[in-house]
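Trainee: As input, take data.cif (mmCIF, C-alpha atoms):
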```
data_run
#
loop_
_atom_site.label_atom_id
_atom_site.label_comp_id
_atom_site.auth_asym_id
_atom_site.auth_seq_id
_atom_site.Cartn_x
_atom_site.Cartn_y
_atom_site.Cartn_z
CA MET A 171 180.32 119.60 142.34
CA TRP A 172 180.06 123.33 142.44
CA ILE A 173 181.14 123.52 138.81
CA VAL A 174 178.43 121.07 137.72
CA LEU A 175 175.85 122.94 139.73
CA SER A 176 176.96 126.25 138.21
CA CYS A 177 176.76 124.81 134.68
CA PHE A 178 173.31 123.45 135.38
CA ILE A 179 172.12 126.81 136.68
CA LEU A 180 173.66 128.52 133.65
CA VAL A 181 171.95 126.14 131.22
CA LEU A 182 168.68 126.56 133.07
CA PHE A 183 169.02 130.31 132.92
CA ILE A 184 169.75 130.19 129.18
CA ILE A 185 166.71 127.96 128.58
CA LEU A 186 164.47 130.23 130.61
CA PHE A 187 165.87 133.28 128.86
CA GLU A 188 165.75 131.84 125.30
CA TYR A 189 162.67 129.61 125.13
CA ARG A 190 159.12 130.84 125.16
CA ILE A 191 155.71 129.14 125.26
CA ARG A 192 153.72 129.44 122.03
CA LYS A 193 150.39 131.17 122.57
CA PRO A 194 147.17 129.68 121.20
CA ASP A 195 146.39 130.57 117.55
CA HIS A 196 149.94 131.72 116.92
CA ILE A 197 152.20 130.45 114.15
CA THR A 198 155.87 129.79 114.90
CA MET A 199 158.29 129.58 111.95
CA TYR A 200 161.97 128.93 111.52
CA GLU A 201 164.42 128.71 108.65
CA SER A 202 166.17 125.49 107.79
CA ARG A 203 168.54 125.39 104.78
CA GLY A 204 166.79 128.32 103.12
CA VAL A 205 163.28 126.91 103.60
CA ILE A 206 160.69 128.42 105.90
CA LYS A 207 159.07 125.79 108.10
CA GLN A 208 156.57 125.78 110.92
CA ARG A 209 157.38 124.64 114.43
CA ARG A 210 154.88 122.25 115.97
CA TRP A 211 156.37 122.23 119.48
CA ARG A 212 154.84 124.10 122.39
CA PHE A 213 158.19 125.73 123.23
CA TYR A 214 160.33 127.63 120.75
CA PRO A 215 163.61 129.62 120.87
CA ARG A 216 162.74 133.23 120.42
CA HIS A 217 165.99 134.33 118.73
CA PHE A 218 165.82 131.55 116.14
CA SER A 219 162.09 131.66 115.41
CA LEU A 220 159.40 134.05 114.19
CA CYS A 221 156.00 134.01 115.91
CA ILE A 222 153.06 135.74 114.26
CA SER A 223 149.39 135.88 115.14
CA GLY A 224 147.04 133.61 113.22
CA THR A 225 143.92 135.65 113.97
CA VAL A 226 141.82 137.43 111.37
CA HIS A 227 142.82 140.95 110.36
CA SER A 228 140.21 143.34 108.98
CA VAL A 229 140.98 146.48 107.00
CA VAL A 230 138.82 149.22 105.47
CA LYS A 231 140.00 150.46 102.10
CA GLU A 232 138.83 153.57 100.26
CA VAL A 233 139.57 153.67 96.54
CA ASP A 234 139.02 156.50 94.06
CA ALA A 235 138.52 155.20 90.52
CA GLU A 236 137.61 156.87 87.27
CA ALA A 237 134.68 155.65 85.17
CA LYS A 238 133.92 156.44 81.54
CA GLY A 239 133.52 160.17 80.90
CA HIS A 240 136.25 160.99 83.44
CA LEU A 241 133.80 160.77 86.35
CA MET A 242 135.33 159.84 89.68
CA LEU A 243 133.80 157.20 91.94
CA LYS A 244 134.53 156.55 95.60
CA PHE A 245 134.61 152.96 96.81
CA ARG A 246 134.66 151.82 100.40
CA LEU A 247 135.61 148.16 100.96
CA THR A 248 136.14 145.91 103.95
CA VAL A 249 138.53 142.98 103.67
CA SER A 250 139.16 140.29 106.28
CA VAL A 251 142.32 138.21 105.89
CA ALA A 252 144.31 135.65 107.85
CA PRO A 253 147.75 134.08 107.28
CA SER A 254 147.61 130.93 105.18
CA ARG A 255 149.34 128.06 106.97
CA GLN A 256 149.93 126.28 103.67
CA PHE A 257 151.82 129.17 102.06
CA LEU A 258 153.93 130.54 104.90
CA PRO A 259 157.08 130.98 102.70
CA THR A 260 155.07 133.19 100.34
CA LEU A 261 153.82 135.24 103.29
CA ILE A 262 157.41 135.79 104.51
CA ARG A 263 158.59 136.66 101.01
CA VAL A 264 155.84 139.32 100.65
CA GLY A 265 155.70 140.64 104.24
CA GLY A 266 159.27 140.06 105.38
CA TRP A 267 160.77 138.26 108.38
CA ASN A 268 159.09 140.30 111.12
CA LYS A 269 156.05 140.20 113.35
CA ASN A 270 154.16 142.59 111.05
CA ALA A 271 154.44 140.27 108.05
CA VAL A 272 150.65 139.90 107.86
CA LEU A 273 150.13 143.69 107.87
CA GLN A 274 152.77 144.19 105.17
CA ALA A 275 151.18 141.48 103.01
CA THR A 276 147.76 143.08 103.58
CA LYS A 277 149.08 146.41 102.31
CA GLU A 278 150.33 144.70 99.18
CA LEU A 279 146.87 143.16 98.80
CA GLU A 280 145.29 146.62 99.12
CA VAL A 281 147.43 147.87 96.24
CA ARG A 282 146.32 144.95 94.14
CA LEU A 283 142.66 145.60 95.03
CA GLU A 284 142.99 149.23 93.99
CA THR A 285 144.48 148.22 90.63
CA ILE A 286 141.69 145.66 89.99
CA ILE A 287 138.94 148.15 90.88
CA ARG A 288 140.33 150.89 88.66
CA GLY A 289 140.68 148.49 85.76
CA PHE A 290 137.07 147.41 86.21
CA THR A 291 135.49 150.89 86.50
CA GLU A 292 137.21 152.16 83.33
CA LYS A 293 135.01 149.80 81.29
CA TYR A 294 131.60 151.12 82.46
CA ASN A 295 129.60 154.31 82.70
CA ILE A 296 128.19 155.44 86.01
CA GLU A 297 124.69 154.37 84.94
CA GLU A 298 125.92 150.91 83.95
CA PHE A 299 128.03 150.30 87.05
CA SER A 300 126.92 147.56 89.48
CA SER A 301 128.50 146.81 92.85
CA GLU A 302 127.38 143.17 92.58
CA GLU A 303 129.26 142.77 89.32
CA LEU A 304 132.35 144.42 90.85
CA LEU A 305 132.26 142.09 93.85
CA LYS A 306 131.93 139.08 91.58
CA TYR A 307 134.86 140.34 89.50
CA LEU A 308 137.01 140.86 92.58
CA LYS A 309 136.40 137.36 93.87
CA GLY A 310 137.33 135.96 90.47
CA GLN A 311 140.58 137.94 90.34
CA LEU A 312 141.60 137.07 93.91
CA LYS A 313 141.34 133.30 93.61
CA ASP A 314 145.15 132.93 93.63
CA VAL A 315 145.79 135.39 96.48
CA GLU A 316 147.03 132.59 98.79
CA LYS A 317 149.71 131.56 96.33
CA THR A 318 150.77 135.12 95.54
CA SER A 319 150.45 136.81 98.96
CA GLY A 320 150.30 134.02 101.54
CA LEU A 321 146.98 135.36 102.84
CA GLU A 322 143.60 133.69 103.08
CA ILE A 323 140.69 136.00 102.29
CA ILE A 324 137.93 135.37 104.81
CA SER A 325 135.48 137.92 103.42
CA ILE A 326 135.37 140.93 101.13
CA ASN A 327 132.47 143.40 100.96
CA ILE A 328 131.70 146.67 99.21
CA GLN A 329 130.18 149.04 101.75
CA SER A 330 129.46 152.00 99.47
CA VAL A 331 129.91 153.27 95.94
CA GLU A 332 129.15 156.90 95.13
CA PRO A 333 130.37 159.63 92.75
CA ALA A 334 133.03 161.99 94.02
CA ASP A 335 131.03 165.01 92.80
CA GLU A 336 128.17 165.85 95.19
CA LYS A 337 125.92 167.18 92.40
CA ILE A 338 126.23 163.97 90.41
CA SER A 339 125.64 161.95 93.56
CA GLU A 340 122.49 163.93 94.38
CA ALA A 341 121.20 163.55 90.81
CA ILE A 342 121.79 159.79 90.92
CA ARG A 343 120.02 159.53 94.28
CA GLN A 344 117.01 161.45 92.96
CA ARG A 345 116.89 159.30 89.85
CA GLU A 346 117.16 156.14 91.93
CA SER A 347 114.44 157.42 94.25
CA ALA A 348 112.18 158.12 91.27
CA ARG A 349 112.89 154.66 89.87
CA ILE A 350 112.10 152.99 93.17
CA PHE A 351 108.92 155.07 93.51
CA GLU A 352 107.87 154.09 89.99
CA GLN A 353 108.53 150.43 90.66
CA THR A 354 106.58 150.68 93.90
CA GLU A 355 103.61 152.25 92.11
CA ILE A 356 103.76 149.61 89.39
CA ALA A 357 103.88 146.86 92.02
CA ASN A 358 100.95 148.41 93.89
CA GLN A 359 98.96 148.75 90.67
CA ASN A 360 99.68 145.15 89.76
CA ALA A 361 98.62 144.10 93.26
CA ARG A 362 95.35 146.04 92.95
CA VAL A 363 94.66 144.57 89.52
CA ALA A 364 95.44 141.09 90.79
CA ALA A 365 93.16 141.60 93.81
CA ALA A 366 90.32 142.91 91.62
CA LYS A 367 90.78 140.01 89.20
CA ALA A 368 90.78 137.51 92.04
CA ARG A 369 87.68 139.11 93.55
CA THR A 370 85.89 139.04 90.17
CA GLU A 371 86.82 135.41 89.63
CA ALA A 372 85.62 134.57 93.14
CA ASP A 373 82.30 136.35 92.52
CA GLU A 374 81.87 134.51 89.23
CA LYS A 375 82.56 131.19 90.90
CA ILE A 376 80.13 132.00 93.72
CA ALA A 377 77.43 133.02 91.20
CA LYS A 378 78.06 129.85 89.21
CA PHE A 379 77.82 127.71 92.32
CA GLU A 380 74.62 129.47 93.40
CA HIS A 381 73.11 128.94 89.95
CA THR A 382 74.05 125.28 90.05
CA LEU A 383 72.58 125.00 93.54
CA ASP A 384 69.33 126.64 92.40
CA LEU A 385 69.09 124.22 89.48
CA LYS A 386 69.60 121.29 91.81
CA LYS A 387 66.94 122.68 94.18
CA TYR A 388 64.55 123.09 91.25
CA ASP A 389 65.20 119.51 90.12
CA LEU A 390 64.70 118.24 93.67
CA ASN A 391 61.43 120.18 94.08
CA LYS A 392 60.24 118.93 90.71
CA LEU A 393 61.05 115.37 91.66
CA LYS A 394 59.35 115.87 95.03
CA GLU A 395 56.18 117.19 93.39
CA LYS A 396 56.24 114.28 90.96
CA LYS A 397 56.55 111.81 93.82
CA GLU A 398 53.73 113.50 95.72
CA ILE A 399 51.47 113.42 92.66
CA GLU A 400 52.31 109.75 92.14
CA LEU A 401 51.62 109.02 95.80
CA SER A 402 48.28 110.87 95.67
CA ARG A 403 47.31 108.95 92.55
CA LEU A 404 48.16 105.65 94.19
CA ARG A 405 46.20 106.64 97.31
CA VAL A 406 43.13 107.58 95.24
CA GLU A 407 43.39 104.38 93.21
CA GLU A 408 43.71 102.35 96.39
CA GLU A 409 40.65 104.03 97.96
CA LEU A 410 38.68 103.60 94.74
CA SER A 411 39.68 99.96 94.56
CA LEU A 412 38.60 99.42 98.19
CA LYS A 413 35.24 101.10 97.57
CA ILE A 414 34.67 99.06 94.44
CA LYS A 415 35.45 95.89 96.34
CA GLN A 416 33.16 96.99 99.18
CA MET A 417 30.36 97.74 96.71
CA ASP A 418 30.86 94.33 95.11
CA VAL A 419 30.61 92.69 98.51
CA ASP A 420 27.48 94.68 99.37
CA ARG A 421 25.94 93.89 96.04
CA LYS A 422 26.62 90.19 96.49
CA GLU A 423 25.17 90.28 100.02
CA ILE A 424 22.03 92.01 98.77
CA GLU A 425 21.64 89.49 96.00
CA LEU A 426 22.17 86.66 98.45
CA LEU A 427 19.65 88.11 100.91
CA THR A 428 17.16 88.79 98.14
CA LYS A 429 17.31 85.22 96.96
CA ASN A 430 17.45 83.68 100.46
CA PRO A 431 15.66 85.88 103.01
CA GLU A 432 15.84 83.19 105.70
CA ILE A 433 19.60 83.71 105.94
CA MET A 434 18.90 86.96 107.80
CA MET A 435 17.85 84.88 110.77
CA LEU A 436 21.30 83.39 111.01
CA THR A 437 23.00 86.64 111.67
CA PRO A 438 23.76 87.50 115.35
CA GLN A 439 22.15 90.91 115.07
CA LEU A 440 18.80 89.51 113.92
CA ALA A 441 18.92 86.77 116.55
CA ARG A 442 19.31 89.37 119.29
CA LEU A 443 16.56 91.43 117.65
CA ALA A 444 14.25 88.41 117.70
CA GLU A 445 14.96 87.73 121.38
CA ALA A 446 14.24 91.36 122.21
CA SER A 447 11.00 91.25 120.29
CA GLN A 448 9.93 88.14 122.24
CA SER A 449 10.58 89.76 125.61
CA LEU A 450 9.15 93.14 124.71
CA ARG A 451 6.01 93.09 122.68
CA ASN A 452 6.10 96.76 121.87
CA ALA A 453 9.87 96.84 121.11
CA ARG A 454 10.97 98.60 117.99
CA THR A 455 14.05 98.18 115.91
CA VAL A 456 15.65 101.31 114.48
CA VAL A 457 17.99 100.85 111.50
CA SER A 458 20.20 103.83 110.68
CA LEU A 459 21.79 104.09 107.29
CA SER A 460 24.72 106.26 106.37
CA PRO A 461 24.35 108.80 103.56
CA THR A 462 26.38 106.56 101.27
CA GLU A 463 24.05 103.61 101.97
CA ILE A 464 20.71 105.43 101.51
CA SER A 465 20.70 104.77 97.77
CA SER A 466 21.19 101.06 98.30
CA GLY A 467 19.04 101.00 101.48
CA THR A 468 15.78 101.85 99.64
CA GLN A 469 15.96 98.46 97.95
CA LEU A 470 16.47 96.72 101.27
CA VAL A 471 13.40 98.28 102.89
CA ASP A 472 10.95 96.06 101.04
CA VAL A 473 13.08 93.03 101.70
CA PHE A 474 13.27 93.81 105.44
CA LYS A 475 9.45 94.38 105.54
CA ASN A 476 8.77 91.02 104.03
CA ILE A 477 11.28 89.38 106.38
CA PHE A 478 9.90 91.10 109.47
CA GLN A 479 6.29 90.19 108.44
CA GLN A 480 7.30 86.55 108.08
CA VAL A 481 9.13 86.65 111.42
CA ALA A 482 6.17 88.36 113.15
CA SER A 483 3.69 85.86 111.72
CA ALA A 484 5.89 82.98 112.84
CA ILE A 485 6.13 84.40 116.36
CA ASP A 486 2.32 84.91 116.53
CA LYS A 487 1.76 81.37 115.48
CA LYS A 488 4.10 80.10 118.22
CA GLU A 489 2.29 82.15 120.86
CA ASP A 490 -1.12 80.91 119.69
CA GLU A 491 0.11 77.35 119.93
CA LYS A 492 1.38 77.98 123.45
CA THR A 493 -1.95 79.48 124.60
CA GLU A 494 -3.98 76.62 123.18
#
```
Translate this structure into structure tokens?

Mentor:
Amino acid sequence: MWIVLSCFILVLFIILFEYRIRKPDHITMYESRGVIKQRRWRFYPRHFSLCISGTVHSVVKEVDAEAKGHLMLKFRLTVSVAPSRQFLPTLIRVGGWNKNAVLQATKELEVRLETIIRGFTEKYNIEEFSSEELLKYLKGQLKDVEKTSGLEIISINIQSVEPADEKISEAIRQRESARIFEQTEIANQNARVAAAKARTEADEKIAKFEHTLDLKKYDLNKLKEKKEIELSRLRVEEELSLKIKQMDVDRKEIELLTKNPEIMMLTPQLARLAEASQSLRNARTVVSLSPTEISSGTQLVDVFKNIFQQVASAIDKKEDEKTE
């Protein structure tokens, strides 16, 4: 019993001493028949496995390269890499079987970057060099970096590019400043010209609209005056027609009264006048004529005299008959 217990304690001690718990974002590898494989278990034997960090590693690389004319340029790059889980054997072959395999592979990548940059700068003059073109060239050359180095490039950036000689650097900065100033002045001039052109076009449009509005106002006023003239003409014609009709009626009445004086007795006005004359012997009848009727009233005076004489004689005869 004690032997079994001792063996159990010994095995437990060996397990606790040998096995470790894999940390998050760590890669555990082992070798099986000459092939590097990855352990998927949570626990791994530390003496028979290699555990490396799977986090991102960032490095800053400064490269001195020579352009055309034997002018030196200084490059400052930042590269972020991480171990590629698909090409772990390549990573071990480049970086070695140790915990710093990623750092060793990164150093090999830095050497390759330096070679690519120097090969690129030898083709261009300082004036023709472009950091955007270099970055594009680097990305094209590093497409197979996972297969060759076992690293995955997360990002690569060019922080600065400047000549090694301070005088050349200052001259380039002044020239670039002058170029930027010139472009700024050109842009400002174009903006002023565009603003003036837009303002002129707006003024022309406003003047055109105002002219069109004035023409429409003139047409409306002309049409209004025409309508007013037409309305005045219709009003005058209507008044003239009414006066002509009234004159025709008056003329017909005068002719009728001239031919038949006795009809005057049938009118209510003359009947009341006759009654008044019967009650008041000295009563008088006043007939007022308007200025427009004076011309036609002179013809009626004689007619009214004859009528009144006949009426007066008839009334006298009736009174004489009553007294007898």

Trainee: Identify, on the basis of all atoms listed in the file, every residue whose closest approach to Lys193 in chain A does not exceed 9 Å; exclude the query and any residue fewer than 3 positions from it along the same chain; express the result as a list in words.

Mentor: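 Everything that qualifies: His196, Ile197, Arg212 and Ser223 of chain A.
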
Trainee: Between A:Arg403, A:Tyr200, A:Gln359, A:Ile191, which is the closest to Trp267 in chain A once you count all atoms listed in the file?

Mentor: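 The answer is A:Tyr200, which sits nearest to Trp267 in chain A.
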
Trainee: For a quick check of understanding, using all atoms listed in the file, which of A:Glu374, A:Phe257, A:Arg190, A:Leu304 has the smallest distance to Lys317 in chain A?

Mentor: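 Among A:Glu374, A:Phe257, A:Arg190, A:Leu304, it is A:Phe257 that comes nearest to Lys317 in chain A.
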
Trainee: One decimal, Å: what's the distance from CA of Ile324 in chain A over to CA of Arg263 in chain A, could you say?

Mentor: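 CA of Arg263 in chain A lies at a distance of 21.0 Å from CA of Ile324 in chain A.
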
Trainee: Check which residues satisfy the PyMOL selection byres ((chain A and resi 224) around 10) in the file shown, then give them as a list in words.

Mentor: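 Selected by the PyMOL selection byres ((chain A and resi 224) around 10) here: Pro194, Asp195, His196, Ile197, Thr198, Cys221, Ile222, Ser223, Thr225, Val226, His227, Val251, Ala252, Pro253, Ser254, Arg255 and Val272 of chain A.
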
Trainee: Find, counting all atoms listed in the file, the residue in A:Glu303, A:Glu297, A:Glu278, A:Glu340 that gets nearest to Thr318 in chain A.

Mentor: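 For Thr318 in chain A, the nearest of the given residues is A:Glu278.
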
Trainee: Decode the PyMOL selection byres ((chain A and resi 333) around 12) for the given file into explicit residues and return them as an NGL selection string.

Mentor: :A and (233-237 or 240-246 or 291 or 295-297 or 299 or 330-332 or 334-343)

Trainee: Limited to C-alpha atoms, could you put the picked residues into a file as an mmCIF file, in the coordinates of the input?

Mentor:
```cif
data_model
loop_
_atom_site.group_PDB
_atom_site.id
_atom_site.type_symbol
_atom_site.label_atom_id
_atom_site.label_comp_id
_atom_site.auth_asym_id
_atom_site.auth_seq_id
_atom_site.Cartn_x
_atom_site.Cartn_y
_atom_site.Cartn_z
ATOM 1 C CA VAL A 233 139.570 153.670 96.540
ATOM 2 C CA ASP A 234 139.020 156.500 94.060
ATOM 3 C CA ALA A 235 138.520 155.200 90.520
ATOM 4 C CA GLU A 236 137.610 156.870 87.270
ATOM 5 C CA ALA A 237 134.680 155.650 85.170
ATOM 6 C CA HIS A 240 136.250 160.990 83.440
ATOM 7 C CA LEU A 241 133.800 160.770 86.350
ATOM 8 C CA MET A 242 135.330 159.840 89.680
ATOM 9 C CA LEU A 243 133.800 157.200 91.940
ATOM 10 C CA LYS A 244 134.530 156.550 95.600
ATOM 11 C CA PHE A 245 134.610 152.960 96.810
ATOM 12 C CA ARG A 246 134.660 151.820 100.400
ATOM 13 C CA THR A 291 135.490 150.890 86.500
ATOM 14 C CA ASN A 295 129.600 154.310 82.700
ATOM 15 C CA ILE A 296 128.190 155.440 86.010
ATOM 16 C CA GLU A 297 124.690 154.370 84.940
ATOM 17 C CA PHE A 299 128.030 150.300 87.050
ATOM 18 C CA SER A 330 129.460 152.000 99.470
ATOM 19 C CA VAL A 331 129.910 153.270 95.940
ATOM 20 C CA GLU A 332 129.150 156.900 95.130
ATOM 21 C CA ALA A 334 133.030 161.990 94.020
ATOM 22 C CA ASP A 335 131.030 165.010 92.800
ATOM 23 C CA GLU A 336 128.170 165.850 95.190
ATOM 24 C CA LYS A 337 125.920 167.180 92.400
ATOM 25 C CA ILE A 338 126.230 163.970 90.410
ATOM 26 C CA SER A 339 125.640 161.950 93.560
ATOM 27 C CA GLU A 340 122.490 163.930 94.380
ATOM 28 C CA ALA A 341 121.200 163.550 90.810
ATOM 29 C CA ILE A 342 121.790 159.790 90.920
ATOM 30 C CA ARG A 343 120.020 159.530 94.280
#
```

Trainee: Identify which of the residues A:Arg362, A:Arg192, A:Lys309, A:Lys231 lies closest to Tyr214 in chain A, counting all atoms listed in the file when measuring atom-to-atom distances.

Mentor: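 Residue with the minimum atom-to-atom distance to Tyr214 in chain A: A:Arg192.
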
Trainee: Can you translate the PyMOL selection byres ((chain A and resi 189) around 7) into the concrete residues it hits in this file, as a PDB file with C-alpha atoms, keeping the file's coordinate frame?

Mentor:
```pdb
ATOM      1  CA  ILE A 185     166.710 127.960 128.580  1.00  0.00           C
ATOM      2  CA  LEU A 186     164.470 130.230 130.610  1.00  0.00           C
ATOM      3  CA  PHE A 187     165.870 133.280 128.860  1.00  0.00           C
ATOM      4  CA  GLU A 188     165.750 131.840 125.300  1.00  0.00           C
ATOM      5  CA  ARG A 190     159.120 130.840 125.160  1.00  0.00           C
ATOM      6  CA  ILE A 191     155.710 129.140 125.260  1.00  0.00           C
ATOM      7  CA  PHE A 213     158.190 125.730 123.230  1.00  0.00           C
ATOM      8  CA  TYR A 214     160.330 127.630 120.750  1.00  0.00           C
ATOM      9  CA  PRO A 215     163.610 129.620 120.870  1.00  0.00           C
ATOM     10  CA  ARG A 216     162.740 133.230 120.420  1.00  0.00           C
TER      11      ARG A 216
END
```

Trainee: Measuring atom to atom with only C-alpha atoms, identify which of A:Glu400, A:Glu280, A:Glu292, A:Glu352 is nearest to Ile326 in chain A.

Mentor: A:Glu280

Trainee: Got a sec: who's within 12 Å of Ser202 in chain A, counting only C-alpha atoms, leaving out chain neighbours fewer than 3 positions off, as JSON, numbers by chain?

Mentor: {"A": [199, 205, 206, 207, 208, 209, 218, 219, 259]}

Trainee: Between A:Leu261, A:Lys277, A:Thr428, A:Val230, single out the one closest to Asn327 in chain A, counting only C-alpha atoms.

Mentor: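 The closest residue to Asn327 in chain A is A:Val230.
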
Trainee: Taking 4 positions as the minimum chain separation for residues in the same chain, which residues sit within 9 Å of Ala275 in chain A when counting only C-alpha atoms? Answer as a list in words.

Mentor: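 So, after excluding close chain neighbours, the residues are Leu261, Ile262, Val264, Gly265, Gly266, Asn270, Ala271, Leu279, Glu280, Ser319, Gly320 and Leu321 of chain A.
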